[in-house]
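Trainee: Supplied structure: final26.pdb, PDB, C-alpha atoms, pLDDT in the B column.
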```pdb
ATOM      1  CA  MET A  30      33.567   7.228   3.141  1.00 55.00           C
ATOM      2  CA  THR A  31      31.156   5.053   5.093  1.00 56.00           C
ATOM      3  CA  VAL A  32      27.499   6.059   5.199  1.00 52.00           C
ATOM      4  CA  TYR A  33      25.469   4.906   8.171  1.00 55.00           C
ATOM      5  CA  ARG A  34      21.722   4.692   8.150  1.00 54.00           C
ATOM      6  CA  THR A  35      20.002   6.619  10.919  1.00 61.00           C
ATOM      7  CA  ASN A  36      17.234   4.004  11.094  1.00 61.00           C
ATOM      8  CA  PRO A  37      17.903   0.264  11.085  1.00 62.00           C
ATOM      9  CA  TRP A  38      15.366  -0.002   8.236  1.00 62.00           C
ATOM     10  CA  ASP A  39      13.318   2.227   6.018  1.00 79.00           C
ATOM     11  CA  TYR A  40       9.680   2.864   6.795  1.00 81.00           C
ATOM     12  CA  ASP A  41       8.483   0.966   3.711  1.00 83.00           C
ATOM     13  CA  ASP A  42      10.992  -1.913   3.833  1.00 89.00           C
ATOM     14  CA  PRO A  43       9.064  -5.193   4.100  1.00 89.00           C
ATOM     15  CA  CYS A  44      11.089  -6.978   6.740  1.00 90.00           C
ATOM     16  CA  PHE A  45       8.729  -8.617   9.251  1.00 95.00           C
ATOM     17  CA  VAL A  46       7.280 -12.084   8.619  1.00 96.00           C
ATOM     18  CA  ILE A  47       3.661 -12.644   9.597  1.00 97.00           C
ATOM     19  CA  SER A  48       4.403 -14.257  12.974  1.00 97.00           C
ATOM     20  CA  VAL A  49       6.585 -11.316  14.036  1.00 97.00           C
ATOM     21  CA  ALA A  50       4.077  -8.753  12.737  1.00 97.00           C
ATOM     22  CA  ALA A  51       1.257 -10.504  14.590  1.00 98.00           C
ATOM     23  CA  ARG A  52       3.288 -10.534  17.787  1.00 97.00           C
ATOM     24  CA  MET A  53       4.107  -6.826  17.404  1.00 97.00           C
ATOM     25  CA  VAL A  54       0.417  -5.967  17.044  1.00 97.00           C
ATOM     26  CA  ARG A  55      -0.692  -8.591  19.601  1.00 97.00           C
ATOM     27  CA  VAL A  56      -3.095 -10.417  17.307  1.00 97.00           C
ATOM     28  CA  HIS A  57      -3.159 -13.911  15.827  1.00 97.00           C
ATOM     29  CA  SER A  58      -1.520 -14.514  12.447  1.00 97.00           C
ATOM     30  CA  GLN A  59      -4.911 -15.583  11.093  1.00 98.00           C
ATOM     31  CA  THR A  60      -6.209 -12.100  11.895  1.00 97.00           C
ATOM     32  CA  LEU A  61      -3.591 -10.613   9.581  1.00 97.00           C
ATOM     33  CA  ARG A  62      -4.540 -13.075   6.848  1.00 97.00           C
ATOM     34  CA  TYR A  63      -8.197 -12.117   7.334  1.00 97.00           C
ATOM     35  CA  TYR A  64      -7.408  -8.405   7.065  1.00 97.00           C
ATOM     36  CA  GLU A  65      -5.591  -9.133   3.824  1.00 97.00           C
ATOM     37  CA  ARG A  66      -8.560 -11.088   2.438  1.00 96.00           C
ATOM     38  CA  GLU A  67     -10.848  -8.189   3.380  1.00 94.00           C
ATOM     39  CA  GLY A  68      -8.600  -5.755   1.494  1.00 94.00           C
ATOM     40  CA  LEU A  69      -7.513  -3.744   4.526  1.00 95.00           C
ATOM     41  CA  LEU A  70      -3.848  -4.491   4.020  1.00 94.00           C
ATOM     42  CA  GLU A  71      -1.607  -5.800   1.275  1.00 95.00           C
ATOM     43  CA  PRO A  72       1.753  -6.993   2.583  1.00 96.00           C
ATOM     44  CA  ALA A  73       4.682  -7.499   0.244  1.00 95.00           C
ATOM     45  CA  ARG A  74       5.614 -11.035  -0.775  1.00 95.00           C
ATOM     46  CA  SER A  75       9.017 -12.653  -0.904  1.00 93.00           C
ATOM     47  CA  ARG A  76      10.139 -14.820  -3.815  1.00 92.00           C
ATOM     48  CA  GLY A  77       8.873 -17.781  -1.820  1.00 94.00           C
ATOM     49  CA  ASN A  78       5.458 -16.049  -1.487  1.00 95.00           C
ATOM     50  CA  ILE A  79       5.971 -15.334   2.228  1.00 95.00           C
ATOM     51  CA  ARG A  80       4.118 -12.285   3.540  1.00 96.00           C
ATOM     52  CA  LEU A  81       6.463  -9.498   4.615  1.00 97.00           C
ATOM     53  CA  TYR A  82       5.265  -6.487   6.573  1.00 97.00           C
ATOM     54  CA  SER A  83       6.892  -3.049   6.744  1.00 95.00           C
ATOM     55  CA  GLN A  84       6.873  -0.613   9.651  1.00 95.00           C
ATOM     56  CA  LYS A  85       4.199   1.304   7.729  1.00 95.00           C
ATOM     57  CA  ASP A  86       2.091  -1.893   7.621  1.00 96.00           C
ATOM     58  CA  ILE A  87       2.575  -2.389  11.372  1.00 97.00           C
ATOM     59  CA  GLU A  88       1.350   1.138  12.062  1.00 96.00           C
ATOM     60  CA  LYS A  89      -1.677   0.539   9.843  1.00 96.00           C
ATOM     61  CA  LEU A  90      -2.396  -2.713  11.692  1.00 97.00           C
ATOM     62  CA  LEU A  91      -2.215  -0.893  15.019  1.00 97.00           C
ATOM     63  CA  ARG A  92      -4.650   1.698  13.666  1.00 96.00           C
ATOM     64  CA  ILE A  93      -7.022  -1.067  12.513  1.00 97.00           C
ATOM     65  CA  LYS A  94      -6.780  -2.754  15.910  1.00 97.00           C
ATOM     66  CA  SER A  95      -7.508   0.501  17.701  1.00 97.00           C
ATOM     67  CA  LEU A  96     -10.504   1.269  15.496  1.00 97.00           C
ATOM     68  CA  THR A  97     -12.016  -2.182  16.014  1.00 97.00           C
ATOM     69  CA  GLU A  98     -11.206  -2.777  19.678  1.00 96.00           C
ATOM     70  CA  ASP A  99     -11.224   0.703  21.192  1.00 96.00           C
ATOM     71  CA  LEU A 100     -13.939   2.319  19.085  1.00 96.00           C
ATOM     72  CA  GLY A 101     -15.995  -0.754  18.185  1.00 96.00           C
ATOM     73  CA  ILE A 102     -15.952  -0.073  14.448  1.00 97.00           C
ATOM     74  CA  ASN A 103     -16.598  -3.061  12.186  1.00 97.00           C
ATOM     75  CA  LEU A 104     -14.214  -3.872   9.325  1.00 96.00           C
ATOM     76  CA  ALA A 105     -16.412  -2.212   6.684  1.00 96.00           C
ATOM     77  CA  GLY A 106     -16.299   0.958   8.776  1.00 97.00           C
ATOM     78  CA  VAL A 107     -12.563   0.581   9.260  1.00 97.00           C
ATOM     79  CA  GLN A 108     -12.131   0.426   5.497  1.00 96.00           C
ATOM     80  CA  VAL A 109     -14.069   3.690   5.098  1.00 97.00           C
ATOM     81  CA  VAL A 110     -12.089   5.369   7.882  1.00 97.00           C
ATOM     82  CA  LEU A 111      -8.765   4.267   6.354  1.00 96.00           C
ATOM     83  CA  GLN A 112      -9.815   5.558   2.921  1.00 96.00           C
ATOM     84  CA  LEU A 113     -10.790   8.901   4.461  1.00 97.00           C
ATOM     85  CA  MET A 114      -7.481   9.087   6.330  1.00 95.00           C
ATOM     86  CA  ASP A 115      -5.577   8.391   3.099  1.00 95.00           C
ATOM     87  CA  ARG A 116      -7.577  11.074   1.303  1.00 98.00           C
ATOM     88  CA  ILE A 117      -6.894  13.592   4.081  1.00 98.00           C
ATOM     89  CA  ALA A 118      -3.154  12.818   3.865  1.00 96.00           C
ATOM     90  CA  GLU A 119      -3.262  13.361   0.079  1.00 97.00           C
ATOM     91  CA  MET A 120      -5.067  16.668   0.535  1.00 98.00           C
ATOM     92  CA  ASP A 121      -2.584  17.782   3.208  1.00 98.00           C
ATOM     93  CA  GLU A 122       0.278  17.070   0.810  1.00 97.00           C
ATOM     94  CA  GLU A 123      -1.503  18.988  -1.956  1.00 98.00           C
ATOM     95  CA  ILE A 124      -1.984  21.964   0.395  1.00 97.00           C
ATOM     96  CA  ARG A 125       1.735  21.891   1.275  1.00 97.00           C
ATOM     97  CA  ARG A 126       2.654  21.700  -2.412  1.00 96.00           C
ATOM     98  CA  LEU A 127       0.368  24.607  -3.329  1.00 96.00           C
ATOM     99  CA  THR A 128       1.600  26.652  -0.357  1.00 95.00           C
ATOM    100  CA  ARG A 129       5.222  26.173  -1.466  1.00 95.00           C
ATOM    101  CA  LYS A 130       4.256  27.138  -5.010  1.00 93.00           C
ATOM    102  CA  LEU A 131       2.451  30.228  -3.761  1.00 94.00           C
ATOM    103  CA  GLU A 132       5.381  31.227  -1.551  1.00 92.00           C
ATOM    104  CA  GLN A 133       7.785  30.783  -4.467  1.00 91.00           C
ATOM    105  CA  GLY A 134       5.544  32.937  -6.650  1.00 87.00           C
ATOM    106  CA  GLN A 135       5.404  35.660  -4.010  1.00 84.00           C
ATOM    107  CA  GLY A 136       9.177  35.463  -3.628  1.00 76.00           C
ATOM    108  CA  LYS A 137       9.552  36.552  -7.253  1.00 64.00           C
ATOM    109  CA  ASN A 138       7.301  39.554  -6.656  1.00 58.00           C
ATOM    110  CA  PRO A 139       7.805  40.461  -2.970  1.00 53.00           C
ATOM    111  CA  ARG A 140       5.221  43.265  -2.853  1.00 55.00           C
ATOM    112  CA  GLY A 141       2.490  40.846  -3.862  1.00 53.00           C
ATOM    113  CA  THR A 142       1.312  43.128  -6.656  1.00 56.00           C
ATOM    114  CA  ASN A 143       1.107  42.286 -10.285  1.00 57.00           C
ATOM    115  CA  ASN A 144       2.884  44.466 -12.778  1.00 54.00           C
ATOM    116  CA  ARG A 145      -0.137  45.005 -15.038  1.00 55.00           C
ATOM    117  CA  GLY A 146      -1.105  48.475 -15.991  1.00 52.00           C
ATOM    118  CA  ALA A 147       2.109  50.033 -14.797  1.00 48.00           C
TER     119      ALA A 147
END
```
Here is the file; what I need is its structure written in the form of structure tokens.

Mentor:
Amino acid sequence: MTVYRTNPWDYDDPCFVISVAARMVRVHSQTLRYYEREGLLEPARSRGNIRLYSQKDIEKLLRIKSLTEDLGINLAGVQVVLQLMDRIAEMDEEIRRLTRKLEQGQGKNPRGTNNRGA
């Protein structure tokens, strides 16, 4: 049986070299190197130490570009915004996890009452 991938690559697969990533985001390659030095992004490295960017990295770069160019936020501010966005995503996942756990617990006792004192 042959299994076909629905996407040509996975979201986290590092597959774009720096020149392609820069072209996709419409910035200079040096800009990507600068973002890396500033700690905004950490691309994967090949065995030959070549930077490789994933689709997730590209989306983050587009977000950084939008924050700096469209909103006028400096890179220190961008770093804070990205950290807050990551924290919000973590909290959203925790809410989903707790909601599933709560729903599973209510599924065991559909009336929502505890059986104490009965």

Trainee: Axis-aligned box over every listed atom of segment 36-55 of chain A, padded by 4 Å per side: centre and edges in Å to one decimal, as lines of an AutoDock Vina configuration file?

Mentor:
```
center_x = 8.6
center_y = -5.1
center_z = 11.7
size_x = 26.6
size_y = 26.3
size_z = 23.9
```

Trainee: Could you check how far atom CA of Leu111 of chain A sits from atom CA of Asn78 of chain A, in Å to one decimal?

Mentor: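 Distance between the two atoms: 26.0 Å.
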
Trainee: Skip Ile79 of chain A itself and residues of its chain fewer than 2 positions away, then list as number ranges by chain all residues within 12 Å of it, counting all atoms listed in the file.

Mentor: A: 43-48, 62, 72-77, 81-82

Trainee: Take the residues just selected and output them with C-alpha atoms as a PDB file, keeping the file's coordinate frame.

Mentor:
```pdb
ATOM      1  CA  PRO A  43       9.064  -5.193   4.100  1.00 89.00           C
ATOM      2  CA  CYS A  44      11.089  -6.978   6.740  1.00 90.00           C
ATOM      3  CA  PHE A  45       8.729  -8.617   9.251  1.00 95.00           C
ATOM      4  CA  VAL A  46       7.280 -12.084   8.619  1.00 96.00           C
ATOM      5  CA  ILE A  47       3.661 -12.644   9.597  1.00 97.00           C
ATOM      6  CA  SER A  48       4.403 -14.257  12.974  1.00 97.00           C
ATOM      7  CA  ARG A  62      -4.540 -13.075   6.848  1.00 97.00           C
ATOM      8  CA  PRO A  72       1.753  -6.993   2.583  1.00 96.00           C
ATOM      9  CA  ALA A  73       4.682  -7.499   0.244  1.00 95.00           C
ATOM     10  CA  ARG A  74       5.614 -11.035  -0.775  1.00 95.00           C
ATOM     11  CA  SER A  75       9.017 -12.653  -0.904  1.00 93.00           C
ATOM     12  CA  ARG A  76      10.139 -14.820  -3.815  1.00 92.00           C
ATOM     13  CA  GLY A  77       8.873 -17.781  -1.820  1.00 94.00           C
ATOM     14  CA  LEU A  81       6.463  -9.498   4.615  1.00 97.00           C
ATOM     15  CA  TYR A  82       5.265  -6.487   6.573  1.00 97.00           C
TER      16      TYR A  82
END
```

Trainee: Could you tell me how far atom CA of Arg116 of chain A sits from atom CA of Lys130 of chain A, in Å to one decimal place?

Mentor: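 For atom CA of Lys130 of chain A relative to atom CA of Arg116 of chain A, the distance reads 20.9 Å.
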
Trainee: Using only C-alpha atoms, determine which residues lie at most 12 Å from segment 101-104 of chain A, disregarding the query and same-chain residues fewer than 5 positions distant; provide the list as a PyMOL selection string.

Mentor: chain A and resi 60+63-70+92-96+109-111

Trainee: Select, from A:Arg55, A:Glu123, A:Gly106, A:Gln133, the residue with the minimum atom-to-atom distance to Leu90 of chain A, counting all atoms listed in the file.

Mentor: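 When distances to Leu90 of chain A are compared using all atoms listed in the file, the smallest one comes from A:Arg55.
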
Trainee: Just give me the gap between atom CA of Glu98 of chain A and atom CA of Met53 of chain A in Å, one decimal is fine.

Mentor: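 Here the two named atoms are 16.0 Å from each other.
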
Trainee: Measuring atom to atom with only C-alpha atoms, identify which of A:Leu61, A:Glu122, A:Asp99, A:Gln108 is nearest to Val49 of chain A.

Mentor: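 The closest residue to Val49 of chain A is A:Leu61.
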
Trainee: Can you tell me which residues surround Asp41 of chain A at a distance of at most 9 Å, considering only C-alpha atoms, apart from same-chain residues fewer than 6 positions away, and format the answer as an NGL selection string?

Mentor: :A and (82-86)
